[in-house]
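Undergrad: Next up is a structure, given as structure tokens.
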Amino acid sequence: MPVRVLPSAVDDTAPGARAAHEGILRRQSARESAARTYARALPIVPVRARGLTIEGADGRRYLDCLSGAGTLALGHNHPVVLEAIRRVLDSGAPLNALDLATPVKDAFVTELFRTLPPGLAGRARVRFCGPAGGDAVETACELVRAATGRTGLIAFTGASHGRTAGALDSSAGAHDVSLARLPYPQDHRCPFGVGGERGADLAARWTESVLDDSGPGAPLPAGVIVEPVQGEGGVIPAPDTWLRRMRQLTADRSVPLIADEIQTGVGWTGAFWAVEHSGVTPDVMVLSKAIGGSLPLAVVVYHEDLDAPEPGAPAGTFRGNQLAMAAGTATLTHVRENHLAERAATLGARMLSQLHGLVAEFPCVGDVRGRGLMIGVEFVDPEGETGRARQMVESAGTPLPAAPELAAAVQRECLRRGLIVGLDGRHAGVVRLLPPLTITDEQAAAVQDRLADAVRAAARCDGGTVAAPFTP
């Protein structure tokens, strides 16, 4: 079957625009650090954006399902966000007020508390810190350490909590002995090879045994930090039963539970906060990304019993960003008043259902998963188990090897078709969709069509696997 090339994939840009675009990319490559994350995989130069759509310097248009890595809950340049920013600029209000009280901050905190889980909202405190999610994680870790007098932390395999020292300690791949990383339950690559409720139960039992290990050098931790849906870990929702067990285990032992809602918050998963799916009320919530309405902002919300002034605790000069607070208030209000979280639940379920067809059609698609509009498609190598059939391998509880090269090829083919997607997962084998909550039904259909086309093209280039679809 020939690859259907969508109109957006046709390069009909003027030579001058194309030369300007290539010149900017060339200068970026020559002058910026090799640590560029997105620019290497997405060689575009955005010049205009609105909603789901980005226009590059070369005149091409793209559907953006990266959403600023989760900072754009309402998409690019939403009118309510722009108006909120203009009002602050025109008012003469200070743009940075440190931690002083201002009308802009008061409005933000009021709206934020209005959205919090009921069990936390009535007895919550909020701490502003540096503007990135990693700053908030760092602040949360110091908060629970000061409150409990303990130092250790428990995090989970596959976690991503930021890039500062403390945040990295709690992320996958860290080697600090003061932190334990325990199994995070999932179906496709279950650490116990069973998946489902049994896998979640085993993961919970492991956590319980660690918490109750009273041997030398194993005191209770200062806190347990968890992502209700692992984003960079490969879009893996925590089972609701497991998350409830984590809440019960930590509450019974007076260990603060920290929910990292940096990426899952503000409606992405189909609830305003992802912990609401399981009915869990954490002791601490770490918030950033979308709460700033596209501008840098991070806060920690926590139970008042943990509150204590700590000289020198992580704070940050830019914790008084008035523009971000105004944009954040507008975003939170718009999502709440227009029931966009509920809309994400409905549309996300429909997209997941339709994308599941890729598993049956393409042997290289190992799993499709997600919650709300956080969606991941994991790619595998059907020939990677020394010739054993896929059906035999997966029925034995052993997933096929990840295929990061194929996932990267799908991302490139998506870009050729005018679709921007992310690439994550433990083995960099998961293509991620994170469209804004404002995506329309028509746009969602276009995203799915372009992704399916990209998978078809990449699979053919990878060795013709399209010709032999898997039938269970």
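Scheme for the structure tokens: letters A, B, ... for chains in order shown; per-chain residue numbers from 1; ligand numbers from 1 in order shown.
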Listing only residues of region 46-93 of chain A within 10 Å of region 252-267 of chain A, what is the closest atom pair and its distance in Å (to one decimal) for each, using only C-alpha atoms, sorted by chain and residue number ascending, as a Markdown table?
TA:
```
| residue | atom | partner | partner_atom | distance |
| --- | --- | --- | --- | --- |
| A:Ala69 | CA | A:Gln263 | CA | 7.9 |
| A:Gly70 | CA | A:Gln263 | CA | 5.7 |
| A:Thr71 | CA | A:Gln263 | CA | 7.8 |
| A:Ala73 | CA | A:Val266 | CA | 7.1 |
| A:Leu74 | CA | A:Val266 | CA | 9.9 |
```
Undergrad: For the selection just defined, write its residues with all heavy atoms to a file, as a compact mmCIF listing (two decimals), in the first residue's frame.
TA:
```
# COMPACT_ATOMS: atom_id res chain seq x y z
N ALA A 69 5.90 20.52 26.21
CA ALA A 69 6.16 19.49 27.23
C ALA A 69 5.17 19.60 28.39
O ALA A 69 5.51 19.30 29.53
CB ALA A 69 7.59 19.57 27.72
N GLY A 70 3.94 20.01 28.07
CA GLY A 70 2.89 20.06 29.09
C GLY A 70 2.65 21.41 29.70
O GLY A 70 1.90 21.52 30.68
N THR A 71 3.25 22.45 29.15
CA THR A 71 3.05 23.80 29.71
C THR A 71 1.84 24.50 29.11
O THR A 71 1.39 25.52 29.64
CB THR A 71 4.29 24.68 29.47
OG1 THR A 71 4.49 24.82 28.05
CG2 THR A 71 5.53 24.06 30.10
N ALA A 73 -1.70 23.99 28.47
CA ALA A 73 -2.98 23.29 28.62
C ALA A 73 -4.02 23.83 27.65
O ALA A 73 -4.88 23.08 27.16
CB ALA A 73 -3.49 23.42 30.05
N LEU A 74 -3.97 25.12 27.34
CA LEU A 74 -4.94 25.74 26.43
C LEU A 74 -4.36 25.94 25.04
O LEU A 74 -4.97 26.64 24.21
CB LEU A 74 -5.42 27.08 27.00
CG LEU A 74 -6.07 27.03 28.38
CD1 LEU A 74 -6.55 28.42 28.79
CD2 LEU A 74 -7.22 26.03 28.42
```
Undergrad: Skip region 190-205 of chain A itself and residues of its chain fewer than 5 positions away, then list as a compact mmCIF listing (two decimals) with C-alpha atoms, in the first residue's frame all residues within 10 Å of it, counting only C-alpha atoms.
TA:
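Dumped everything to selection_26.txt:
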```txt
# COMPACT_ATOMS: atom_id res chain seq x y z
CA THR A 157 11.50 3.10 38.77
CA LEU A 182 10.92 0.68 44.17
CA PRO A 183 8.96 -1.06 41.38
CA TYR A 184 6.33 1.04 39.64
CA PRO A 185 3.49 -1.21 38.45
CA VAL A 210 10.68 -1.73 52.58
CA LEU A 211 8.72 0.62 54.83
CA ALA A 238 -0.46 4.22 38.12
CA PRO A 239 -3.21 1.69 38.87
CA ASP A 240 -5.82 3.32 41.11
CA THR A 241 -5.78 0.40 43.56
CA TRP A 242 -1.99 0.63 43.88
CA LEU A 243 -2.08 4.38 44.45
CA ARG A 244 -4.70 3.92 47.17
CA ARG A 245 -2.43 1.31 48.77
CA MET A 246 0.45 3.80 48.69
CA LEU A 249 0.75 2.54 53.67
CA GLU A 394 4.06 -11.96 25.27
CA SER A 395 1.91 -14.83 26.54
CA ALA A 396 4.87 -15.83 28.72
CA GLY A 397 4.88 -12.36 30.28
CA THR A 398 8.07 -11.28 28.53
CA PRO A 399 7.63 -8.14 26.43
```
Undergrad: Residues within 12 Å of region 333-337 of chain A, please, as number ranges by chain. Count only C-alpha atoms; anything in the same chain fewer than 5 positions from it doesn't count.
TA: A: 72-75, 78-81, 84, 107-116, 265-268, 270-273, 290-291, 293, 326-328, 342-344, 436-438
Undergrad: List every residue of region 229-339 of chain A that DSSP, applied to the backbone of this structure, assigns to strand (DSSP E), and report them as a list in words.
TA: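 Strand (DSSP E) assignments inside region 229-339 of chain A correspond to Val229, Gln230, Ile236, Pro237, Leu257, Ile258, Ala259, Asp260, Val284, Met285, Val286, Leu287, Val299, Val300, Val301, Tyr302 and His303 of chain A.
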Undergrad: Which residues are close to Gly370 (chain A), i.e. within 12 Å by only C-alpha atoms, leaving aside same-chain residues fewer than 2 positions away? Reply as a PyMOL selection string.
TA: chain A and resi 186-187+228-231+233-239+264+268-270+274+344-345+348-353+355-356+367-368+372-378+430-434
Undergrad: If you run DSSP on the backbone here, which positions in region 255-394 of chain A get alpha helix (DSSP H)? Please write them as a PyMOL selection string.
TA: chain A and resi 322-337+340-355+357-361+390-394
Undergrad: I'd like the contact shell of Glu413 (chain A) - 9 Å cut-off, only C-alpha atoms, skipping same-chain residues fewer than 5 positions apart - returned as a list in words.
TA: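 That gives Ala408, Gly418, Leu419, Arg450, Leu451, Asp453, Ala454, Val455, Ala457 and Ala458 of chain A.
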Undergrad: Find the spatial neighbours of Val300 (chain A), counting only C-alpha atoms, within a cut-off of 10 Å - ignore same-chain residues fewer than 5 positions away - and output them as a ChimeraX atom specification.
TA: /A:125-129,133,135-140,143,258,260,284-288
Undergrad: One decimal, in Å: what's the spacing between CA of Glu276 (chain A) and CA of Arg181 (chain A)?
TA: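 Those two atoms sit 24.1 Å apart.
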Undergrad: Leaving out Tyr38 (chain A) and any residue of its chain fewer than 3 positions from it, which residues lie within 12 Å of it when counting only C-alpha atoms, given as a ChimeraX atom specification?
TA: /A:34-35,41-45,66,68-69,411,420-424
Undergrad: Could the residues in this selection be saved with N, CA and C atoms as an mmCIF file, in the first residue's frame?
TA:
```
data_model
loop_
_atom_site.group_PDB
_atom_site.id
_atom_site.type_symbol
_atom_site.label_atom_id
_atom_site.label_comp_id
_atom_site.auth_asym_id
_atom_site.auth_seq_id
_atom_site.Cartn_x
_atom_site.Cartn_y
_atom_site.Cartn_z
ATOM 1 N N ALA A 34 25.262 21.137 23.142
ATOM 2 C CA ALA A 34 24.849 19.841 22.607
ATOM 3 C C ALA A 34 23.727 19.228 23.442
ATOM 4 N N ALA A 35 23.401 19.862 24.577
ATOM 5 C CA ALA A 35 22.327 19.373 25.436
ATOM 6 C C ALA A 35 20.943 19.723 24.896
ATOM 7 N N ALA A 41 15.662 16.620 17.414
ATOM 8 C CA ALA A 41 14.646 15.749 16.820
ATOM 9 C C ALA A 41 13.600 16.531 16.036
ATOM 10 N N LEU A 42 13.453 17.810 16.344
ATOM 11 C CA LEU A 42 12.415 18.623 15.706
ATOM 12 C C LEU A 42 13.060 19.864 15.093
ATOM 13 N N PRO A 43 13.679 19.719 13.923
ATOM 14 C CA PRO A 43 14.385 20.845 13.297
ATOM 15 C C PRO A 43 13.411 21.841 12.654
ATOM 16 N N ILE A 44 12.647 22.526 13.498
ATOM 17 C CA ILE A 44 11.735 23.551 13.002
ATOM 18 C C ILE A 44 12.059 24.866 13.699
ATOM 19 N N VAL A 45 11.590 25.974 13.120
ATOM 20 C CA VAL A 45 11.815 27.304 13.688
ATOM 21 C C VAL A 45 10.454 27.970 13.837
ATOM 22 N N LEU A 66 3.019 18.223 21.334
ATOM 23 C CA LEU A 66 4.020 18.266 22.385
ATOM 24 C C LEU A 66 3.604 19.259 23.473
ATOM 25 N N GLY A 68 4.540 22.210 24.459
ATOM 26 C CA GLY A 68 5.551 22.764 25.349
ATOM 27 C C GLY A 68 5.884 21.833 26.492
ATOM 28 N N ALA A 69 5.896 20.523 26.213
ATOM 29 C CA ALA A 69 6.156 19.494 27.226
ATOM 30 C C ALA A 69 5.174 19.599 28.386
ATOM 31 N N GLN A 411 8.683 9.382 14.732
ATOM 32 C CA GLN A 411 8.663 10.809 15.056
ATOM 33 C C GLN A 411 9.061 11.647 13.839
ATOM 34 N N ILE A 420 3.800 17.218 15.290
ATOM 35 C CA ILE A 420 4.869 17.253 16.289
ATOM 36 C C ILE A 420 4.486 16.344 17.441
ATOM 37 N N VAL A 421 5.317 15.344 17.721
ATOM 38 C CA VAL A 421 5.082 14.419 18.829
ATOM 39 C C VAL A 421 6.362 14.311 19.650
ATOM 40 N N GLY A 422 6.220 13.811 20.872
ATOM 41 C CA GLY A 422 7.372 13.618 21.737
ATOM 42 C C GLY A 422 7.900 12.195 21.657
ATOM 43 N N LEU A 423 9.031 11.976 22.311
ATOM 44 C CA LEU A 423 9.662 10.660 22.334
ATOM 45 C C LEU A 423 10.196 10.433 23.741
ATOM 46 N N ASP A 424 9.677 9.411 24.419
ATOM 47 C CA ASP A 424 10.061 9.177 25.805
ATOM 48 C C ASP A 424 10.068 7.679 26.095
#
```
Undergrad: Taking only C-alpha atoms into account, which of A:Leu89, A:Leu415, A:Arg26, A:Asp441 comes nearest Arg60 (chain A)?
TA: A:Leu415
Undergrad: What's the separation between CA of Phe362 (chain A) and CA of Ala402 (chain A), in Å to one decimal place?
TA: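 One can read the CA of Phe362 (chain A) to CA of Ala402 (chain A) distance as 14.4 Å.
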Undergrad: Smallest atom-to-atom distance to Val410 (chain A): which of A:Ala159, A:Glu208, A:Arg456, A:Pro435, using only C-alpha atoms?
TA: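 Of all the options, A:Arg456 lies closest to Val410 (chain A).
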Undergrad: Could you check the closest approach to Ala146 (chain A) for each of A:Asp381, A:Asp307, A:Glu361, A:Glu442 and tell me which residue wins, using only C-alpha atoms?
TA: A:Asp307
Undergrad: Using only C-alpha atoms for the distances, tell me which of A:Asp283, A:Glu32, A:Glu22, A:Asp64 is nearest to Glu304 (chain A).
TA: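 Selected residue with least distance to Glu304 (chain A): A:Asp283.
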